[in-house]
file data03.cif (mmCIF, C-alpha atoms and all ligand atoms)
data_final
#
loop_
_atom_site.label_atom_id
_atom_site.label_comp_id
_atom_site.auth_asym_id
_atom_site.auth_seq_id
_atom_site.Cartn_x
_atom_site.Cartn_y
_atom_site.Cartn_z
CA MET Q 31 -13.54 -12.40 -11.73
CA THR Q 32 -12.30 -15.79 -13.01
CA LEU Q 33 -9.08 -16.65 -11.28
CA ASN Q 34 -8.34 -20.18 -12.51
CA ALA Q 35 -8.39 -21.44 -8.95
CA ASP Q 36 -8.14 -25.06 -7.82
CA ALA Q 37 -11.27 -26.83 -6.59
CA ASN Q 38 -10.56 -25.57 -3.08
CA GLY Q 39 -10.15 -22.07 -4.50
CA ARG Q 40 -6.42 -21.90 -3.77
CA TRP Q 41 -3.53 -21.40 -6.21
CA ILE Q 42 -0.77 -22.57 -3.87
CA ASP Q 43 -0.21 -26.15 -2.69
CA PRO Q 44 1.04 -26.33 0.94
CA GLY Q 45 2.97 -29.54 0.12
CA ARG Q 46 5.11 -27.70 -2.43
CA VAL Q 47 5.97 -24.92 0.02
CA GLU Q 48 6.90 -27.48 2.67
CA SER Q 49 9.10 -29.58 0.39
CA ALA Q 50 10.94 -26.54 -1.02
CA ILE Q 51 11.68 -25.26 2.52
CA GLN Q 52 12.85 -28.73 3.50
CA GLN Q 53 15.15 -28.98 0.46
CA LEU Q 54 16.64 -25.52 0.93
CA SER Q 55 17.34 -26.25 4.61
CA GLN Q 56 19.76 -28.99 3.56
CA TYR Q 57 22.22 -26.31 2.38
CA GLY Q 58 24.00 -25.45 5.62
CA ASP Q 59 21.89 -27.77 7.77
CA HIS Q 60 22.72 -27.55 11.46
CA GLY Q 61 21.47 -30.19 13.91
CA GLU Q 62 17.91 -31.45 13.48
CA THR Q 63 16.15 -28.30 12.28
CA GLY Q 64 18.74 -25.51 12.19
CA VAL Q 65 20.49 -23.78 9.30
CA ALA Q 66 23.88 -22.02 9.31
CA ARG Q 67 24.21 -20.55 5.84
CA LEU Q 68 26.50 -17.58 5.94
CA VAL Q 69 26.79 -15.22 3.01
CA TYR Q 70 29.17 -16.33 0.23
CA SER Q 71 30.01 -19.64 1.95
CA PRO Q 72 30.03 -22.83 -0.19
CA GLU Q 73 26.63 -23.87 1.20
CA TRP Q 74 25.26 -20.40 0.42
CA VAL Q 75 26.54 -20.69 -3.18
CA ALA Q 76 24.86 -24.11 -3.49
CA ALA Q 77 21.58 -22.71 -2.11
CA GLN Q 78 21.61 -19.80 -4.60
CA ASP Q 79 22.26 -22.32 -7.42
CA GLN Q 80 19.26 -24.35 -6.23
CA VAL Q 81 17.10 -21.22 -6.19
CA ALA Q 82 18.22 -20.30 -9.72
CA ALA Q 83 17.37 -23.85 -10.88
CA TRP Q 84 13.88 -23.60 -9.32
CA MET Q 85 13.32 -20.27 -11.03
CA GLU Q 86 14.22 -21.79 -14.39
CA GLU Q 87 11.97 -24.81 -13.76
CA SER Q 88 9.16 -22.36 -13.04
CA GLY Q 89 9.61 -20.76 -16.44
CA LEU Q 90 11.33 -17.60 -15.21
CA ARG Q 91 14.21 -15.85 -16.98
CA VAL Q 92 17.16 -15.93 -14.57
CA GLU Q 93 19.86 -13.29 -14.10
CA ARG Q 94 22.50 -12.88 -11.43
CA ASP Q 95 23.65 -9.40 -10.53
CA THR Q 96 27.20 -8.39 -9.63
CA VAL Q 97 26.72 -8.71 -5.86
CA GLY Q 98 25.25 -12.24 -6.14
CA ASN Q 99 21.50 -11.57 -5.93
CA VAL Q 100 19.62 -14.01 -8.16
CA TRP Q 101 16.69 -12.53 -10.10
CA GLY Q 102 13.96 -14.55 -11.86
CA TYR Q 103 11.61 -12.69 -14.22
CA LEU Q 104 8.18 -13.38 -15.58
CA ASP Q 105 8.38 -10.93 -18.45
CA GLY Q 106 5.45 -8.61 -18.96
CA ARG Q 107 3.88 -7.40 -22.20
CA ASP Q 108 5.07 -3.90 -21.52
CA ARG Q 109 8.86 -4.12 -21.05
CA GLU Q 110 9.17 -0.32 -20.80
CA GLN Q 111 7.32 -0.34 -17.46
CA PRO Q 112 9.18 -0.63 -14.14
CA ILE Q 113 8.91 -4.06 -12.49
CA VAL Q 114 6.84 -5.39 -9.60
CA ALA Q 115 9.14 -7.46 -7.38
CA THR Q 116 9.10 -9.86 -4.46
CA GLY Q 117 11.71 -11.93 -2.62
CA SER Q 118 13.78 -12.15 0.54
CA HIS Q 119 17.23 -13.23 1.70
CA ILE Q 120 18.99 -16.57 1.49
CA ASP Q 121 21.51 -16.24 4.36
CA SER Q 122 20.74 -17.30 7.94
CA GLN Q 123 21.67 -16.58 11.52
CA ASN Q 124 24.55 -18.74 12.80
CA PRO Q 125 22.68 -20.97 13.43
CA GLY Q 126 19.13 -19.89 12.70
CA GLY Q 127 16.01 -21.65 11.52
CA ARG Q 128 14.90 -22.79 8.10
CA PHE Q 129 12.22 -20.15 7.47
CA ASP Q 130 13.79 -16.73 8.11
CA GLY Q 131 14.37 -15.27 4.62
CA ALA Q 132 14.15 -18.66 2.88
CA LEU Q 133 10.35 -18.71 3.02
CA GLY Q 134 10.12 -15.36 1.21
CA VAL Q 135 12.32 -16.67 -1.61
CA VAL Q 136 10.37 -19.95 -1.91
CA ALA Q 137 7.03 -18.11 -1.70
CA GLY Q 138 8.09 -15.69 -4.43
CA ILE Q 139 9.05 -18.47 -6.84
CA LEU Q 140 5.87 -20.48 -6.13
CA ALA Q 141 3.63 -17.42 -6.37
CA VAL Q 142 5.09 -16.22 -9.67
CA GLY Q 143 5.18 -19.80 -11.05
CA ALA Q 144 1.46 -20.13 -10.19
CA LEU Q 145 0.71 -16.80 -11.88
CA ARG Q 146 2.53 -17.91 -15.03
CA GLU Q 147 0.57 -21.18 -15.17
CA ARG Q 148 -2.83 -19.73 -14.31
CA GLN Q 149 -2.83 -16.16 -15.54
CA GLY Q 150 -0.32 -16.12 -18.40
CA GLN Q 151 1.79 -13.12 -19.22
CA PRO Q 152 1.44 -10.07 -16.94
CA ARG Q 153 1.34 -6.52 -18.21
CA GLN Q 154 4.29 -5.50 -16.03
CA THR Q 155 7.31 -7.75 -15.53
CA ILE Q 156 7.34 -9.51 -12.15
CA GLY Q 157 10.75 -10.16 -10.56
CA VAL Q 158 11.56 -12.64 -7.80
CA VAL Q 159 14.84 -11.94 -6.04
CA SER Q 160 16.90 -14.16 -3.77
CA LEU Q 161 18.87 -11.56 -1.87
CA VAL Q 162 22.44 -12.08 -0.77
CA GLU Q 163 22.50 -11.13 2.90
CA GLU Q 164 20.33 -9.73 5.65
CA GLU Q 165 21.39 -11.30 8.92
CA ALA Q 166 24.83 -9.73 9.53
CA SER Q 167 25.79 -13.17 10.84
CA ARG Q 168 29.14 -13.29 9.02
CA PHE Q 169 29.88 -9.56 8.53
CA PRO Q 170 28.53 -7.58 11.49
CA THR Q 171 28.40 -4.35 9.48
CA ALA Q 172 27.17 -5.73 6.14
CA ASN Q 173 23.86 -3.94 6.68
CA PHE Q 174 21.69 -5.71 4.10
CA TRP Q 175 24.49 -6.27 1.55
CA GLY Q 176 22.27 -7.50 -1.30
CA SER Q 177 19.46 -4.96 -1.05
CA ARG Q 178 21.93 -2.16 -0.27
CA ALA Q 179 23.71 -2.91 -3.53
CA ILE Q 180 20.38 -2.70 -5.37
CA VAL Q 181 19.67 0.79 -4.01
CA GLY Q 182 23.25 1.88 -4.73
CA ARG Q 183 24.36 2.48 -1.15
CA ILE Q 184 27.58 0.44 -1.08
CA THR Q 185 30.69 2.57 -1.39
CA PRO Q 186 33.56 1.28 -3.60
CA GLU Q 187 35.98 0.81 -0.68
CA GLU Q 188 33.52 -1.15 1.52
CA PRO Q 189 34.27 -4.66 0.17
CA LYS Q 190 37.92 -4.25 1.21
CA ARG Q 191 37.10 -2.55 4.51
CA LEU Q 192 34.37 -4.86 5.88
CA ARG Q 193 35.76 -7.79 7.81
CA GLY Q 194 33.81 -10.80 9.03
CA TYR Q 195 33.97 -12.60 12.37
CA ASP Q 196 36.26 -15.11 10.60
CA GLY Q 197 38.77 -12.34 9.68
CA VAL Q 198 37.99 -12.59 5.96
CA THR Q 199 37.16 -9.35 4.13
CA MET Q 200 33.97 -8.97 2.14
CA ALA Q 201 36.09 -8.64 -1.02
CA GLU Q 202 37.79 -12.00 -0.33
CA ALA Q 203 34.47 -13.67 0.48
CA MET Q 204 32.95 -12.35 -2.75
CA ARG Q 205 35.89 -13.66 -4.78
CA ASP Q 206 35.51 -17.07 -3.06
CA ALA Q 207 31.93 -17.10 -4.37
CA GLY Q 208 33.08 -16.24 -7.90
CA LEU Q 209 32.13 -12.55 -7.76
CA ASP Q 210 34.20 -9.46 -8.55
CA PRO Q 211 34.04 -6.98 -5.63
CA ALA Q 212 35.05 -4.11 -7.94
CA ARG Q 213 31.71 -4.50 -9.75
CA VAL Q 214 29.33 -4.20 -6.77
CA GLU Q 215 28.03 -0.83 -7.98
CA GLU Q 216 26.68 -2.43 -11.15
CA ALA Q 217 23.98 -4.19 -9.08
CA ARG Q 218 22.26 -0.83 -8.62
CA ARG Q 219 18.86 -0.47 -10.24
CA ASP Q 220 16.08 2.07 -10.45
CA ASP Q 221 13.36 0.09 -12.21
CA VAL Q 222 11.56 -1.46 -9.22
CA GLU Q 223 8.14 0.15 -8.88
CA THR Q 224 6.81 -2.02 -6.03
CA PHE Q 225 8.47 -4.52 -3.69
CA VAL Q 226 6.43 -6.93 -1.53
CA GLU Q 227 8.37 -9.24 0.79
CA LEU Q 228 6.80 -12.27 2.45
CA HIS Q 229 8.47 -13.22 5.74
CA ILE Q 230 7.75 -15.17 8.88
CA GLU Q 231 6.50 -12.92 11.68
CA GLN Q 232 9.28 -13.98 14.08
CA GLY Q 233 7.14 -12.87 17.03
CA PRO Q 234 4.05 -13.94 19.01
CA TYR Q 235 1.34 -11.56 17.73
CA LEU Q 236 -0.37 -13.64 15.02
CA GLU Q 237 -0.35 -16.81 17.11
CA ARG Q 238 -1.94 -14.97 20.03
CA GLU Q 239 -4.57 -13.48 17.72
CA ASP Q 240 -5.08 -16.92 16.10
CA VAL Q 241 -4.65 -15.51 12.59
CA PRO Q 242 -2.30 -16.96 9.92
CA VAL Q 243 -1.30 -13.78 8.08
CA GLY Q 244 -0.19 -10.27 9.02
CA ILE Q 245 -0.15 -7.19 6.78
CA VAL Q 246 2.76 -4.98 7.77
CA GLU Q 247 2.01 -1.28 7.98
CA ARG Q 248 5.28 -0.14 9.59
CA ILE Q 249 8.75 -1.61 10.10
CA THR Q 250 10.69 -0.81 13.26
CA GLY Q 251 13.64 1.57 13.38
CA TYR Q 252 16.79 0.38 15.11
CA ARG Q 253 20.35 1.21 16.05
CA GLN Q 254 23.10 -1.28 16.85
CA TYR Q 255 26.15 -0.22 18.85
CA LEU Q 256 29.43 -1.91 19.61
CA VAL Q 257 30.48 -0.56 23.04
CA THR Q 258 34.00 -1.05 24.39
CA LEU Q 259 34.87 -0.28 28.01
CA GLU Q 260 38.50 -0.29 29.03
CA GLY Q 261 39.91 -0.24 32.56
CA SER Q 262 42.90 -1.88 34.30
CA ALA Q 263 43.46 -5.63 34.48
CA ASN Q 264 44.58 -6.66 37.95
CA HIS Q 265 44.55 -9.35 40.64
CA ALA Q 266 41.08 -10.43 41.82
CA GLY Q 267 42.24 -11.00 45.39
CA THR Q 268 44.59 -8.14 46.17
CA THR Q 269 42.93 -5.14 44.51
CA PRO Q 270 40.50 -3.38 46.90
CA MET Q 271 37.11 -2.67 45.41
CA ASP Q 272 37.49 1.11 45.71
CA LEU Q 273 40.78 1.08 43.77
CA ARG Q 274 39.53 -0.85 40.74
CA ARG Q 275 38.88 0.37 37.20
CA ASP Q 276 36.69 -2.63 36.38
CA PRO Q 277 35.08 -2.65 32.92
CA MET Q 278 33.00 -5.71 33.88
CA ALA Q 279 31.33 -3.74 36.68
CA GLY Q 280 30.65 -0.93 34.20
CA ALA Q 281 29.32 -3.34 31.57
CA ALA Q 282 27.03 -5.04 34.09
CA GLU Q 283 25.59 -1.69 35.13
CA ILE Q 284 25.12 -0.50 31.53
CA ILE Q 285 23.66 -3.80 30.32
CA SER Q 286 21.04 -3.98 33.04
CA GLY Q 287 20.45 -0.23 32.70
CA VAL Q 288 19.69 -0.24 28.96
CA ILE Q 289 17.46 -3.30 29.27
CA ASN Q 290 15.57 -1.75 32.19
CA THR Q 291 15.19 1.50 30.23
CA ALA Q 292 13.37 -0.37 27.45
CA HIS Q 293 11.24 -2.14 30.09
CA ARG Q 294 10.30 1.16 31.72
CA MET Q 295 9.48 2.84 28.40
CA GLY Q 296 7.25 -0.15 27.63
CA ARG Q 297 6.09 -1.77 24.39
CA PRO Q 298 7.05 -1.50 21.56
CA CYS Q 299 10.54 -0.40 22.74
CA VAL Q 300 13.04 -3.25 22.89
CA THR Q 301 16.73 -3.37 23.79
CA THR Q 302 18.97 -6.42 23.57
CA VAL Q 303 22.57 -7.15 24.53
CA GLY Q 304 23.39 -10.30 22.56
CA ARG Q 305 27.18 -10.43 22.42
CA VAL Q 306 29.79 -9.85 25.12
CA ILE Q 307 33.55 -10.25 24.71
CA VAL Q 308 35.67 -10.17 27.87
CA SER Q 309 39.45 -9.85 27.88
CA PRO Q 310 41.15 -11.42 29.69
CA ASN Q 311 38.38 -13.91 30.32
CA GLU Q 312 39.67 -15.51 33.55
CA ARG Q 313 38.28 -16.28 37.02
CA ALA Q 314 40.92 -14.51 39.08
CA VAL Q 315 41.58 -11.47 36.90
CA ILE Q 316 39.73 -8.16 36.80
CA PRO Q 317 39.32 -7.78 33.01
CA ARG Q 318 41.04 -5.01 31.10
CA GLN Q 319 38.37 -4.71 28.44
CA VAL Q 320 34.72 -5.62 27.93
CA THR Q 321 33.07 -5.19 24.54
CA PHE Q 322 29.35 -5.72 24.00
CA THR Q 323 26.61 -5.02 21.48
CA VAL Q 324 23.45 -3.00 22.16
CA ASP Q 325 20.52 -3.39 19.75
CA ALA Q 326 17.72 -0.88 20.46
CA ARG Q 327 14.48 -0.59 18.50
CA SER Q 328 11.16 1.19 18.25
CA PRO Q 329 8.78 1.66 15.30
CA ASP Q 330 7.91 5.13 16.67
CA PRO Q 331 10.46 7.72 15.44
CA ALA Q 332 10.29 9.98 18.53
CA GLN Q 333 10.35 7.05 20.94
CA ARG Q 334 13.35 5.56 19.14
CA GLU Q 335 15.23 8.87 19.53
CA LEU Q 336 14.39 9.03 23.25
CA LEU Q 337 15.44 5.41 23.82
CA LEU Q 338 18.77 5.96 22.03
CA ALA Q 339 19.44 9.24 23.87
CA ARG Q 340 18.83 7.50 27.22
CA HIS Q 341 21.13 4.61 26.31
CA GLU Q 342 23.94 6.90 25.18
CA ALA Q 343 23.65 9.12 28.28
CA LEU Q 344 23.81 6.05 30.56
CA ILE Q 345 26.89 4.67 28.80
CA ASP Q 346 28.71 8.00 29.19
CA GLU Q 347 27.68 8.48 32.81
CA VAL Q 348 28.72 4.98 33.95
CA ALA Q 349 32.06 5.15 32.12
CA ARG Q 350 32.86 8.57 33.63
CA ARG Q 351 31.89 7.59 37.19
CA ARG Q 352 33.91 4.36 37.03
CA ASP Q 353 36.91 5.99 35.33
CA LEU Q 354 36.68 3.75 32.28
CA THR Q 355 37.60 4.64 28.73
CA VAL Q 356 34.59 4.16 26.49
CA THR Q 357 34.29 3.96 22.73
CA PHE Q 358 31.10 3.20 20.93
CA ARG Q 359 30.68 2.47 17.29
CA ILE Q 360 27.32 2.64 15.51
CA ASP Q 361 27.20 -0.41 13.24
CA SER Q 362 23.63 -0.11 11.94
CA ASP Q 363 21.14 2.71 12.10
CA ARG Q 364 17.78 2.89 10.34
CA PRO Q 365 14.73 5.02 11.15
CA PRO Q 366 11.33 3.27 11.09
CA VAL Q 367 9.78 2.81 7.64
CA ALA Q 368 6.07 3.18 6.84
CA CYS Q 369 4.67 0.84 4.20
CA ASP Q 370 2.93 2.28 1.15
CA PRO Q 371 -0.84 2.60 1.83
CA ASP Q 372 -1.77 1.52 -1.72
CA VAL Q 373 0.33 -1.64 -1.51
CA VAL Q 374 -1.06 -2.37 1.97
CA ALA Q 375 -4.57 -1.96 0.50
CA ALA Q 376 -3.70 -4.36 -2.35
CA ILE Q 377 -2.53 -6.99 0.16
CA THR Q 378 -5.64 -6.47 2.29
CA ALA Q 379 -7.88 -6.96 -0.76
CA ALA Q 380 -5.87 -10.02 -1.87
CA ALA Q 381 -6.28 -11.66 1.56
CA ALA Q 382 -10.05 -11.02 1.47
CA GLU Q 383 -10.27 -12.42 -2.07
CA ALA Q 384 -8.37 -15.56 -1.03
CA GLY Q 385 -10.45 -15.94 2.15
CA VAL Q 386 -7.29 -15.78 4.29
CA PRO Q 387 -7.80 -14.13 7.71
CA ALA Q 388 -5.26 -11.32 8.08
CA LEU Q 389 -4.53 -8.51 10.53
CA PRO Q 390 -2.58 -5.27 10.16
CA MET Q 391 0.59 -5.18 12.28
CA THR Q 392 4.04 -3.69 12.87
CA SER Q 393 7.32 -5.48 12.20
CA GLY Q 394 9.71 -5.61 15.15
CA ALA Q 395 12.36 -7.21 12.95
CA VAL Q 396 14.29 -5.28 10.32
CA HIS Q 397 14.15 -6.37 6.70
CA ASP Q 398 15.63 -5.85 3.23
CA THR Q 399 12.35 -4.16 2.38
CA MET Q 400 13.54 -1.14 4.43
CA GLN Q 401 16.35 -0.66 1.92
CA LEU Q 402 14.09 -1.17 -1.09
CA ALA Q 403 11.85 1.60 0.35
CA GLU Q 404 14.44 4.05 -0.99
CA ILE Q 405 13.57 3.21 -4.60
CA ALA Q 406 10.16 1.48 -4.53
CA LYS Q 407 6.71 1.42 -2.97
CA ILE Q 408 6.94 -1.32 -0.34
CA ALA Q 409 4.91 -3.52 1.98
CA MET Q 410 5.27 -6.92 3.65
CA ILE Q 411 3.18 -10.04 4.26
CA PHE Q 412 3.87 -11.93 7.50
CA VAL Q 413 2.97 -15.50 8.35
CA ARG Q 414 2.48 -16.90 11.84
CA SER Q 415 5.54 -18.23 13.72
CA ARG Q 416 4.93 -21.11 16.14
CA GLY Q 417 5.61 -19.97 19.69
CA GLY Q 418 6.82 -16.63 18.28
CA ILE Q 419 10.30 -18.19 18.04
CA SER Q 420 12.91 -17.06 15.51
CA HIS Q 421 16.69 -16.63 15.15
CA ASN Q 422 16.74 -20.12 16.62
CA PRO Q 423 16.71 -23.61 15.03
CA ASP Q 424 13.29 -24.18 16.65
CA GLU Q 425 11.73 -21.60 14.31
CA PHE Q 426 8.63 -23.14 12.66
CA THR Q 427 5.74 -22.11 10.43
CA SER Q 428 3.15 -24.68 9.34
CA ALA Q 429 2.82 -25.55 5.65
CA ASP Q 430 -0.80 -24.34 5.72
CA ASP Q 431 0.16 -20.93 7.12
CA ALA Q 432 3.11 -20.57 4.73
CA ALA Q 433 0.83 -21.47 1.80
CA ALA Q 434 -1.87 -19.04 3.01
CA GLY Q 435 0.69 -16.21 3.00
CA THR Q 436 1.99 -17.29 -0.41
CA GLU Q 437 -1.58 -17.29 -1.71
CA VAL Q 438 -1.97 -13.69 -0.53
CA LEU Q 439 1.35 -12.81 -2.15
CA ALA Q 440 0.34 -14.36 -5.49
CA ARG Q 441 -2.97 -12.52 -5.52
CA THR Q 442 -1.28 -9.25 -4.54
CA LEU Q 443 1.22 -9.60 -7.41
CA HIS Q 444 -1.69 -10.42 -9.68
CA ALA Q 445 -3.51 -7.24 -8.68
CA LEU Q 446 -0.37 -5.13 -9.13
CA ALA Q 447 1.14 -6.53 -12.32
CA TYR Q 448 -1.81 -7.71 -14.43
CA ARG Q 449 -4.06 -4.67 -14.12
CA SER Q 450 -4.62 -3.03 -17.49
C1 LIG F 501 16.66 -9.28 11.36
O1 LIG F 501 17.28 -10.29 11.20
C2 LIG F 501 16.60 -8.56 12.61
O2 LIG F 501 17.57 -8.60 13.38
O3 LIG F 501 15.55 -7.95 12.88
MN MN F 502 14.86 -12.27 7.72
MN MN F 503 16.64 -12.68 10.64
#
call {"tool": "encode", "arguments": {"input": "data03.cif", "output": "structure tokens"}}
result
Amino acid sequence: MTLNADANGRWIDPGRVESAIQQLSQYGDHGETGVARLVYSPEWVAAQDQVAAWMEESGLRVERDTVGNVWGYLDGRDREQPIVATGSHIDSQNPGGRFDGALGVVAGILAVGALRERQGQPRQTIGVVSLVEEEASRFPTANFWGSRAIVGRITPEEPKRLRGYDGVTMAEAMRDAGLDPARVEEARRDDVETFVELHIEQGPYLEREDVPVGIVERITGYRQYLVTLEGSANHAGTTPMDLRRDPMAGAAEIISGVINTAHRMGRPCVTTVGRVIVSPNERAVIPRQVTFTVDARSPDPAQRELLLARHEALIDEVARRRDLTVTFRIDSDRPPVACDPDVVAAITAAAAEAGVPALPMTSGAVHDTMQLAEIAKIAMIFVRSRGGISHNPDEFTSADDAAAGTEVLARTLHALAYRS
């Protein structure tokens, strides 16, 4: 097959991937290498504008949907056919690194731009999407706001009901970004046949295996809780230990208990407590209330259920024994998602064709692709993360690895959208 490749056989220039990532990281830059780009903030709006400009420069037809996702299309010959799509999210952790989400958007534009230049018009339209939100870093219960809108799972009252850490509602934040929250439902679509997301691995597997690219076969399931324990605030010196209703003691027991449960159950179970709010938060006061998050995950459906059941039983038992009032809210809940075997096979063949070493793997992070699985055949391409570090400004992926993954993406899209 003639593939119009460069002399080195590659379609994607690592220098272009690196400079696009560098430019995008200036929107919401934080310290030396971090990014804090929260959904619908002014820096987020500027980043989406930059992405739209890149799409236009690459010869794509640009549209923005009513939730703020930016779509760039390389129109196919057969406009009646559903589309083949790629992309990722533009928001970040607070602060996060420059690659999480951003690399999938940059890779999508470069891959589809390369296809346009080298292969001409596809049979099926290819879409690149820069999704609104994935990190829940501004709105803890946004739950993949951009991709959820695409699959039609946002209820009309949600924009008014969801409130961010800054006290602003989703509806207000959308209006600040020039969007009408009453029109969220119009972002829904049913014409995506296949969705392939490129993302950094965010873990240590590929580096340990010394391989640049991973082919995701399964994405973890997870549940996130917000647990609140309430007892009695009192004097730290005068209240005997046996007369206390101390929510901090209960939280300490639950936090170490859930983490140890995941340890005992072993890989790939993971449980994290990442946020604790203590009130009052004083040295000489037994607190009245402790609120904390629990994030528990496993890619195995039965193991996930067992892990969650153990966590919930422990929370109840500790609260009862310590005479604490407990409430727990489930903020996010997704079962594991299996990737489509045909799309996985297309990625595997594309990696072989490009001469890029690649290994099958499981994603321990959650992704917009899990939402898209409701309407499309899905799979993901991972690229190696240095030191396995992510959700941290130190996150790094080399230009060569990022370009190798983008090469695999381009060839996968070629196989899917140009076949006759
Ligand atoms: C994604 O950001 C995750 O928390 O896995
Ligand atoms: Mn991400
Ligand atoms: Mn992330």
call {"tool": "residues_around", "arguments": {"input": "data03.cif", "residues": "Ser450 (chain Q)", "least_positions_apart": "4", "cutoff": "12 Å", "atoms": "all atoms listed in the file", "output": "JSON, numbers by chain"}}
result
{"Q": [106, 107, 108, 152, 153, 154, 444, 445, 446]}
call {"tool": "residues_near_ligand", "arguments": {"input": "data03.cif", "ligand": "ligand LIG 501 (chain F)", "cutoff": "8 Å", "atoms": "all atoms listed in the file", "output": "list in words"}}
result
Gln123, Asp130, Glu164, Glu165, Ala166, Gly394, Ala395, Val396, His397 and His421 of chain Q
call {"tool": "residues_around", "arguments": {"input": "data03.cif", "residues": "region 292-296 of chain Q", "least_positions_apart": "6", "cutoff": "9 Å", "atoms": "all atoms listed in the file", "output": "ChimeraX atom specification"}}
result
/Q:326,333,337
call {"tool": "residues_around", "arguments": {"input": "data03.cif", "residues": "Leu354 (chain Q)", "least_positions_apart": "4", "cutoff": "12 Å", "atoms": "all atoms listed in the file", "output": "count of residues only"}}
result
25
call {"tool": "residues_around", "arguments": {"input": "data03.cif", "residues": "Ser55 (chain Q)", "least_positions_apart": "5", "cutoff": "10 Å", "atoms": "all atoms listed in the file", "output": "PDB file with C-alpha atoms, in the coordinates of the input"}}
result
ATOM      1  CA  SER Q  49       9.100 -29.580   0.390  1.00  0.00           C
ATOM      2  CA  ALA Q  50      10.940 -26.540  -1.020  1.00  0.00           C
ATOM      3  CA  HIS Q  60      22.720 -27.550  11.460  1.00  0.00           C
ATOM      4  CA  THR Q  63      16.150 -28.300  12.280  1.00  0.00           C
ATOM      5  CA  GLY Q  64      18.740 -25.510  12.190  1.00  0.00           C
ATOM      6  CA  VAL Q  65      20.490 -23.780   9.300  1.00  0.00           C
ATOM      7  CA  ALA Q  66      23.880 -22.020   9.310  1.00  0.00           C
ATOM      8  CA  ARG Q  67      24.210 -20.550   5.840  1.00  0.00           C
ATOM      9  CA  ALA Q  77      21.580 -22.710  -2.110  1.00  0.00           C
ATOM     10  CA  GLY Q 127      16.010 -21.650  11.520  1.00  0.00           C
ATOM     11  CA  ARG Q 128      14.900 -22.790   8.100  1.00  0.00           C
ATOM     12  CA  PHE Q 129      12.220 -20.150   7.470  1.00  0.00           C
ATOM     13  CA  ALA Q 132      14.150 -18.660   2.880  1.00  0.00           C
TER      14      ALA Q 132
END
call {"tool": "residues_around", "arguments": {"input": "data03.cif", "residues": "region 402-404 of chain Q", "least_positions_apart": "5", "cutoff": "10 Å", "atoms": "only C-alpha atoms", "output": "list of chain:residue names"}}
result
Q:Ser177, Q:Arg178, Q:Ile180, Q:Val181, Q:Gly182, Q:Asp220, Q:Val222, Q:Glu223, Q:Thr224, Q:Phe225, Q:Val226, Q:Val367, Q:Ala368, Q:Cys369, Q:Asp370, Q:His397, Q:Ala409
call {"tool": "atom_distance", "arguments": {"input": "data03.cif", "atom1": "CA of Asp431 (chain Q)", "atom2": "CA of Asn173 (chain Q)"}}
result
29.2 Å
call {"tool": "atom_distance", "arguments": {"input": "data03.cif", "atom1": "CA of Thr392 (chain Q)", "atom2": "CA of Thr171 (chain Q)"}}
result
24.6 Å
call {"tool": "closest_residue", "arguments": {"input": "data03.cif", "among": "Q:Met204, Q:Ile42, Q:Cys299, Q:Val162", "to": "ligand MN 502 (chain F)", "atoms": "all atoms listed in the file"}}
result
Q:Val162
call {"tool": "atom_distance", "arguments": {"input": "data03.cif", "atom1": "CA of Gly208 (chain Q)", "atom2": "CA of Thr155 (chain Q)"}}
result
28.2 Å
call {"tool": "closest_residue", "arguments": {"input": "data03.cif", "among": "Q:Asp330, Q:Glu239, Q:Glu425, Q:Glu437", "to": "ligand MN 503 (chain F)", "atoms": "all atoms listed in the file"}}
result
Q:Glu425
call {"tool": "closest_residue", "arguments": {"input": "data03.cif", "among": "Q:Glu86, Q:Val69, Q:Pro186, Q:Thr250", "to": "Pro170 (chain Q)", "atoms": "all atoms listed in the file"}}
result
Q:Val69
